[in-house]
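Trainee: Structure file upload_17.pdb, PDB, C-alpha atoms, is pasted below:
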```pdb
ATOM      1  CA  VAL A 509     -83.022   7.892   6.011
ATOM      2  CA  CYS A 510     -86.247   9.773   6.632
ATOM      3  CA  SER A 511     -88.667  10.950   4.006
ATOM      4  CA  SER A 512     -88.647  14.691   3.347
ATOM      5  CA  ASP A 513     -92.442  14.669   2.784
ATOM      6  CA  LEU A 514     -93.706  15.832   6.178
ATOM      7  CA  SER A 515     -97.136  16.986   4.934
ATOM      8  CA  ARG A 516     -98.682  13.612   5.699
ATOM      9  CA  LEU A 517     -97.680  13.682   9.363
ATOM     10  CA  PRO A 518    -100.141  14.907  12.003
ATOM     11  CA  PRO A 519     -99.321  18.354  13.417
ATOM     12  CA  ASP A 520     -98.577  16.963  16.867
ATOM     13  CA  ALA A 521     -96.202  14.272  15.603
ATOM     14  CA  VAL A 522     -92.894  13.928  17.439
ATOM     15  CA  GLY A 523     -89.811  12.584  15.726
ATOM     16  CA  MET A 524     -86.104  12.148  16.214
ATOM     17  CA  THR A 525     -83.354  12.705  13.677
ATOM     18  CA  MET A 526     -81.620   9.369  13.065
ATOM     19  CA  ARG A 527     -79.371  10.335  10.175
ATOM     20  CA  THR A 528     -78.617  13.565   8.345
ATOM     21  CA  VAL A 529     -78.139  13.293   4.589
ATOM     22  CA  ARG A 530     -76.261  16.018   2.775
ATOM     23  CA  GLU A 531     -77.991  17.795  -0.087
ATOM     24  CA  GLY A 532     -77.435  16.079  -3.408
ATOM     25  CA  ALA A 533     -76.382  12.756  -1.855
ATOM     26  CA  ASP A 534     -77.193   9.507  -3.641
ATOM     27  CA  LEU A 535     -80.215   8.335  -1.634
ATOM     28  CA  GLY A 536     -79.807   4.785  -2.904
ATOM     29  CA  LEU A 537     -76.324   4.591  -1.406
ATOM     30  CA  GLU A 538     -77.516   6.300   1.772
ATOM     31  CA  ARG A 539     -80.263   3.701   2.174
ATOM     32  CA  CYS A 540     -77.687   0.946   1.683
ATOM     33  CA  VAL A 541     -75.422   2.468   4.345
ATOM     34  CA  ALA A 542     -78.319   2.836   6.785
ATOM     35  CA  ARG A 543     -79.798  -0.594   6.083
ATOM     36  CA  HIS A 544     -76.543  -2.403   6.783
ATOM     37  CA  GLY A 545     -75.487  -0.260   9.719
ATOM     38  CA  ILE A 546     -72.273   0.918   8.062
ATOM     39  CA  ARG A 547     -70.439   3.473  10.168
ATOM     40  CA  SER A 548     -69.875   6.398   7.807
ATOM     41  CA  LEU A 549     -68.881   9.132  10.278
ATOM     42  CA  PHE A 550     -65.925   9.210  12.669
ATOM     43  CA  PRO A 551     -66.261  10.502  16.255
ATOM     44  CA  PRO A 552     -64.321  13.761  16.867
ATOM     45  CA  ALA A 553     -61.908  12.019  19.268
ATOM     46  CA  VAL A 554     -60.987   9.499  16.562
ATOM     47  CA  LEU A 555     -60.409  12.229  13.981
ATOM     48  CA  ASP A 556     -58.204  14.165  16.404
ATOM     49  CA  GLU A 557     -56.143  11.089  17.249
ATOM     50  CA  ALA A 558     -55.728  10.191  13.576
ATOM     51  CA  ARG A 559     -54.456  13.672  12.696
ATOM     52  CA  ALA A 560     -51.979  13.603  15.584
ATOM     53  CA  SER A 561     -50.777  10.101  14.699
ATOM     54  CA  ALA A 562     -50.353  10.993  11.024
ATOM     55  CA  GLY A 563     -47.973  13.796  11.980
ATOM     56  CA  GLU A 564     -45.607  11.608  13.993
ATOM     57  CA  ALA A 565     -42.161  10.750  12.621
ATOM     58  CA  ILE A 566     -41.366   7.184  11.553
ATOM     59  CA  SER A 567     -39.755   5.369  14.473
ATOM     60  CA  PRO A 568     -36.015   4.587  14.167
ATOM     61  CA  GLY A 569     -34.625   1.087  13.826
ATOM     62  CA  ARG A 570     -36.523   0.106  10.700
ATOM     63  CA  ARG A 571     -34.783  -1.545   7.757
ATOM     64  CA  ASP A 572     -34.218   1.088   5.073
ATOM     65  CA  LEU A 573     -35.769  -0.064   1.785
ATOM     66  CA  ARG A 574     -36.187   3.331   0.183
ATOM     67  CA  ASP A 575     -33.592   2.714  -2.548
ATOM     68  CA  LEU A 576     -35.298  -0.417  -3.852
ATOM     69  CA  PRO A 577     -37.181  -0.108  -7.169
ATOM     70  CA  THR A 578     -40.731  -0.538  -5.884
ATOM     71  CA  VAL A 579     -44.149  -0.470  -7.542
ATOM     72  CA  THR A 580     -47.546  -0.521  -5.880
ATOM     73  CA  ILE A 581     -50.006  -3.175  -7.013
ATOM     74  CA  ASP A 582     -53.411  -1.941  -5.851
ATOM     75  CA  ALA A 583     -56.388  -1.524  -8.141
ATOM     76  CA  PRO A 584     -56.778   1.888  -9.833
ATOM     77  CA  VAL A 585     -59.891   2.730  -7.775
ATOM     78  CA  THR A 586     -58.179   2.011  -4.464
ATOM     79  CA  THR A 587     -57.825   5.058  -2.241
ATOM     80  CA  ASP A 588     -55.764   3.410   0.489
ATOM     81  CA  ILE A 589     -52.695   2.180  -1.405
ATOM     82  CA  ASP A 590     -51.123  -0.435   0.828
ATOM     83  CA  ASP A 591     -49.499  -3.160  -1.309
ATOM     84  CA  ALA A 592     -46.122  -2.964  -3.057
ATOM     85  CA  LEU A 593     -43.679  -5.281  -4.796
ATOM     86  CA  SER A 594     -39.929  -5.279  -5.471
ATOM     87  CA  VAL A 595     -37.896  -7.822  -7.434
ATOM     88  CA  LEU A 596     -34.102  -7.859  -7.319
ATOM     89  CA  PRO A 597     -32.007  -9.347 -10.138
ATOM     90  CA  ALA A 598     -30.874 -12.913  -9.752
ATOM     91  CA  GLY A 599     -27.506 -13.462  -8.108
ATOM     92  CA  PRO A 600     -24.733 -15.795  -9.307
ATOM     93  CA  ASP A 601     -26.713 -18.770  -8.034
ATOM     94  CA  GLY A 602     -29.738 -17.754 -10.128
ATOM     95  CA  ALA A 603     -31.971 -17.090  -7.123
ATOM     96  CA  LEU A 604     -34.452 -14.218  -7.193
ATOM     97  CA  ARG A 605     -35.175 -11.955  -4.236
ATOM     98  CA  VAL A 606     -38.793 -10.835  -4.108
ATOM     99  CA  LEU A 607     -39.920  -8.330  -1.485
ATOM    100  CA  VAL A 608     -43.640  -8.003  -0.811
ATOM    101  CA  SER A 609     -44.611  -5.017   1.319
ATOM    102  CA  ILE A 610     -47.756  -3.780   2.997
ATOM    103  CA  ALA A 611     -48.284  -0.441   4.700
ATOM    104  CA  ASP A 612     -47.660  -0.765   8.438
ATOM    105  CA  VAL A 613     -50.934   0.668   9.724
ATOM    106  CA  ASP A 614     -50.134  -0.631  13.204
ATOM    107  CA  ALA A 615     -47.464   2.070  13.443
ATOM    108  CA  PHE A 616     -50.242   4.683  13.591
ATOM    109  CA  VAL A 617     -52.897   2.879  15.654
ATOM    110  CA  PRO A 618     -52.045   2.230  19.336
ATOM    111  CA  GLU A 619     -53.738  -0.863  20.705
ATOM    112  CA  GLY A 620     -56.821  -0.048  22.775
ATOM    113  CA  SER A 621     -56.951   3.576  21.617
ATOM    114  CA  PRO A 622     -60.167   5.217  20.325
ATOM    115  CA  LEU A 623     -58.719   4.852  16.832
ATOM    116  CA  ASP A 624     -58.157   1.131  17.381
ATOM    117  CA  GLU A 625     -61.643   0.623  18.816
ATOM    118  CA  GLU A 626     -63.270   2.422  15.884
ATOM    119  CA  ALA A 627     -61.274   0.357  13.385
ATOM    120  CA  ARG A 628     -62.370  -2.843  15.143
ATOM    121  CA  LEU A 629     -66.021  -1.785  14.900
ATOM    122  CA  ARG A 630     -65.666  -1.150  11.174
ATOM    123  CA  GLY A 631     -63.491  -4.146  10.378
ATOM    124  CA  THR A 632     -62.697  -3.056   6.819
ATOM    125  CA  SER A 633     -63.089  -0.261   4.303
ATOM    126  CA  VAL A 634     -66.365  -0.458   2.374
ATOM    127  CA  TYR A 635     -66.378   0.153  -1.379
ATOM    128  CA  LEU A 636     -69.708   1.188  -2.880
ATOM    129  CA  ALA A 637     -70.506   2.452  -6.363
ATOM    130  CA  GLY A 638     -68.699   5.776  -6.544
ATOM    131  CA  ARG A 639     -68.047   5.962  -2.820
ATOM    132  CA  VAL A 640     -65.543   4.608  -0.314
ATOM    133  CA  ILE A 641     -66.168   4.478   3.446
ATOM    134  CA  PRO A 642     -62.700   3.918   4.951
ATOM    135  CA  MET A 643     -61.856   1.919   8.042
ATOM    136  CA  LEU A 644     -59.543   4.711   9.204
ATOM    137  CA  PRO A 645     -59.874   8.491   8.794
ATOM    138  CA  GLU A 646     -58.610  10.019   5.557
ATOM    139  CA  SER A 647     -55.536  11.530   7.249
ATOM    140  CA  LEU A 648     -54.305   7.947   7.699
ATOM    141  CA  SER A 649     -56.048   5.761   5.103
ATOM    142  CA  GLY A 650     -55.448   8.103   2.186
ATOM    143  CA  ASN A 651     -52.268   9.787   3.355
ATOM    144  CA  ALA A 652     -49.887   8.785   6.154
ATOM    145  CA  ALA A 653     -50.611   5.035   5.911
ATOM    146  CA  SER A 654     -50.893   4.999   2.120
ATOM    147  CA  LEU A 655     -47.894   4.106  -0.066
ATOM    148  CA  ARG A 656     -47.889   7.284  -2.098
ATOM    149  CA  GLU A 657     -45.380   7.812  -4.871
ATOM    150  CA  GLY A 658     -42.069   9.174  -3.596
ATOM    151  CA  ALA A 659     -43.269   9.443   0.015
ATOM    152  CA  GLU A 660     -41.475   7.689   2.864
ATOM    153  CA  ARG A 661     -43.821   5.303   4.643
ATOM    154  CA  PRO A 662     -43.543   2.607   7.337
ATOM    155  CA  ALA A 663     -44.132  -0.864   5.949
ATOM    156  CA  LEU A 664     -43.987  -4.543   6.823
ATOM    157  CA  THR A 665     -41.962  -6.426   4.237
ATOM    158  CA  VAL A 666     -41.425 -10.118   3.682
ATOM    159  CA  GLU A 667     -38.356 -11.030   1.644
ATOM    160  CA  LEU A 668     -38.572 -14.236  -0.389
ATOM    161  CA  ARG A 669     -35.550 -15.907  -1.952
ATOM    162  CA  ILE A 670     -36.701 -18.147  -4.781
ATOM    163  CA  ASP A 671     -34.156 -20.769  -5.791
ATOM    164  CA  PRO A 672     -34.607 -21.964  -9.395
ATOM    165  CA  GLY A 673     -32.983 -25.287  -8.515
ATOM    166  CA  ALA A 674     -35.489 -25.976  -5.743
ATOM    167  CA  PRO A 675     -38.571 -23.820  -6.409
ATOM    168  CA  HIS A 676     -40.490 -25.415  -3.566
ATOM    169  CA  GLU A 677     -37.972 -24.081  -1.057
ATOM    170  CA  LEU A 678     -38.236 -20.435  -0.026
ATOM    171  CA  PHE A 679     -36.096 -18.359   2.265
ATOM    172  CA  ARG A 680     -38.394 -16.036   4.168
ATOM    173  CA  ARG A 681     -37.591 -13.013   6.313
ATOM    174  CA  LEU A 682     -40.087 -10.529   7.746
ATOM    175  CA  ALA A 683     -38.894  -7.052   8.632
ATOM    176  CA  ALA A 684     -40.321  -3.712   9.684
ATOM    177  CA  GLY A 685     -38.953  -1.240   7.202
ATOM    178  CA  ARG A 686     -39.333   2.185   5.672
ATOM    179  CA  LEU A 687     -40.381   2.260   2.055
ATOM    180  CA  ALA A 688     -40.724   4.807  -0.738
ATOM    181  CA  ALA A 689     -42.629   3.635  -3.812
ATOM    182  CA  GLN A 690     -41.175   5.072  -7.033
ATOM    183  CA  VAL A 691     -44.224   4.507  -9.240
ATOM    184  CA  LEU A 692     -47.875   3.867  -8.452
ATOM    185  CA  LEU A 693     -49.258   1.304 -10.866
ATOM    186  CA  GLY A 694     -52.429  -0.751 -10.818
ATOM    187  CA  HIS A 695     -52.935  -4.335 -11.975
ATOM    188  CA  ALA A 696     -53.691  -3.314 -15.562
ATOM    189  CA  ALA A 697     -50.523  -1.250 -15.905
ATOM    190  CA  LEU A 698     -48.402  -4.070 -14.534
ATOM    191  CA  ALA A 699     -50.025  -6.582 -16.877
ATOM    192  CA  VAL A 700     -48.852  -4.813 -20.020
ATOM    193  CA  LEU A 701     -45.302  -4.510 -18.658
ATOM    194  CA  ALA A 702     -42.864  -1.907 -19.899
ATOM    195  CA  GLY A 703     -44.065  -1.631 -23.482
ATOM    196  CA  ALA A 704     -47.258   0.260 -22.663
ATOM    197  CA  ALA A 705     -46.023   2.313 -19.687
ATOM    198  CA  GLU A 706     -47.021   5.937 -20.069
ATOM    199  CA  HIS A 707     -43.814   7.582 -18.886
ATOM    200  CA  VAL A 708     -40.160   6.926 -19.607
ATOM    201  CA  GLY A 709     -39.456   6.717 -15.875
ATOM    202  CA  GLU A 710     -42.106   4.044 -15.473
ATOM    203  CA  ARG A 711     -40.671   2.000 -18.348
ATOM    204  CA  ARG A 712     -37.201   2.198 -16.821
ATOM    205  CA  LEU A 713     -38.476   1.179 -13.404
ATOM    206  CA  LEU A 714     -40.520  -1.694 -14.798
ATOM    207  CA  ARG A 715     -37.493  -3.018 -16.675
ATOM    208  CA  ARG A 716     -35.416  -2.867 -13.493
ATOM    209  CA  SER A 717     -38.044  -4.536 -11.308
ATOM    210  CA  GLN A 718     -39.539  -7.092 -13.719
ATOM    211  CA  HIS A 719     -36.615  -8.180 -15.878
ATOM    212  CA  PRO A 720     -35.794 -11.074 -13.503
ATOM    213  CA  LEU A 721     -39.287 -12.443 -14.107
ATOM    214  CA  TRP A 722     -38.985 -12.712 -17.898
TER     215      TRP A 722
END
```
Could you render the structure as structure tokens?

Mentor:
Amino acid sequence: VCSSDLSRLPPDAVGMTMRTVREGADLGLERCVARHGIRSLFPPAVLDEARASAGEAISPGRRDLRDLPTVTIDAPVTTDIDDALSVLPAGPDGALRVLVSIADVDAFVPEGSPLDEEARLRGTSVYLAGRVIPMLPESLSGNAASLREGAERPALTVELRIDPGAPHELFRRLAAGRLAAQVLLGHAALAVLAGAAEHVGERRLLRRSQHPLW
């Protein structure tokens, strides 16, 4: 980030623009981004590929989990909602079925593509005070690869069967599925359970999904 006070420079000074800061930007955050070499802009080729990938249909052959009562469990400030949980009532043997899902980002990012290479360079999304610098462009991180309420999304789901008679033994099955979260709730909303849910639909869904845990 360069100083805007150019009056102290000699008239024959030569410079090069290293970073352009938009008007009104938080200069403290901009200095932090520059100091740590955080990649805040996406190359045009990556943006184009992300938009094209976001528009593709979900591939066939996935396990259909859209009818399961599902809630997301990301923090309220999270912009890329990628974690979800379902709990099915206990069967006659008393065993619970818990399904833990994560958005299947791999479905949108071909290995070795410009999008993949950019994601590898970034490694993770960066959360700063009042600002998020995503690992993937917004068309994916905040939309197509985000478990939005009522939207069909590809997901990787692990199904756990918890036997009350032998709690140390788990049946595990991993599947590529298609998921549709019914309600988006953060940790705080889940903690208070159904009694403090804001909407009737949320209370009903929480009772259906969490009753086996009580």

Trainee: Written as an NGL selection string, what is the full residue list that the PyMOL selection byres ((chain A and resi 603-606) around 7) yields on the file shown?

Mentor: :A and (594-599 or 601-602 or 607-608 or 667-672)

Trainee: Under the PyMOL selection byres ((chain A and resi 531-537) around 9), which residues of this model are included? Write them out as an MDAnalysis selection string.

Mentor: chainID A and resid 509 529:530 538:542 636:637 639

Trainee: Counting only C-alpha atoms, which of A:Pro662, A:Glu657, A:Ala583, A:Val634 gets nearest to A:Ser609?

Mentor: A:Pro662

Trainee: What is the distance between atom CA of A:Val613 and atom CA of A:Arg543, in Å to one decimal?

Mentor: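 According to the coordinates, atom CA of A:Val613 and atom CA of A:Arg543 are separated by 29.1 Å.
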
Trainee: Rounded to one decimal, what separation in Å do you get between atom CA of A:Val617 and atom CA of A:Ser633?

Mentor: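 One can read the atom CA of A:Val617 to atom CA of A:Ser633 distance as 15.6 Å.
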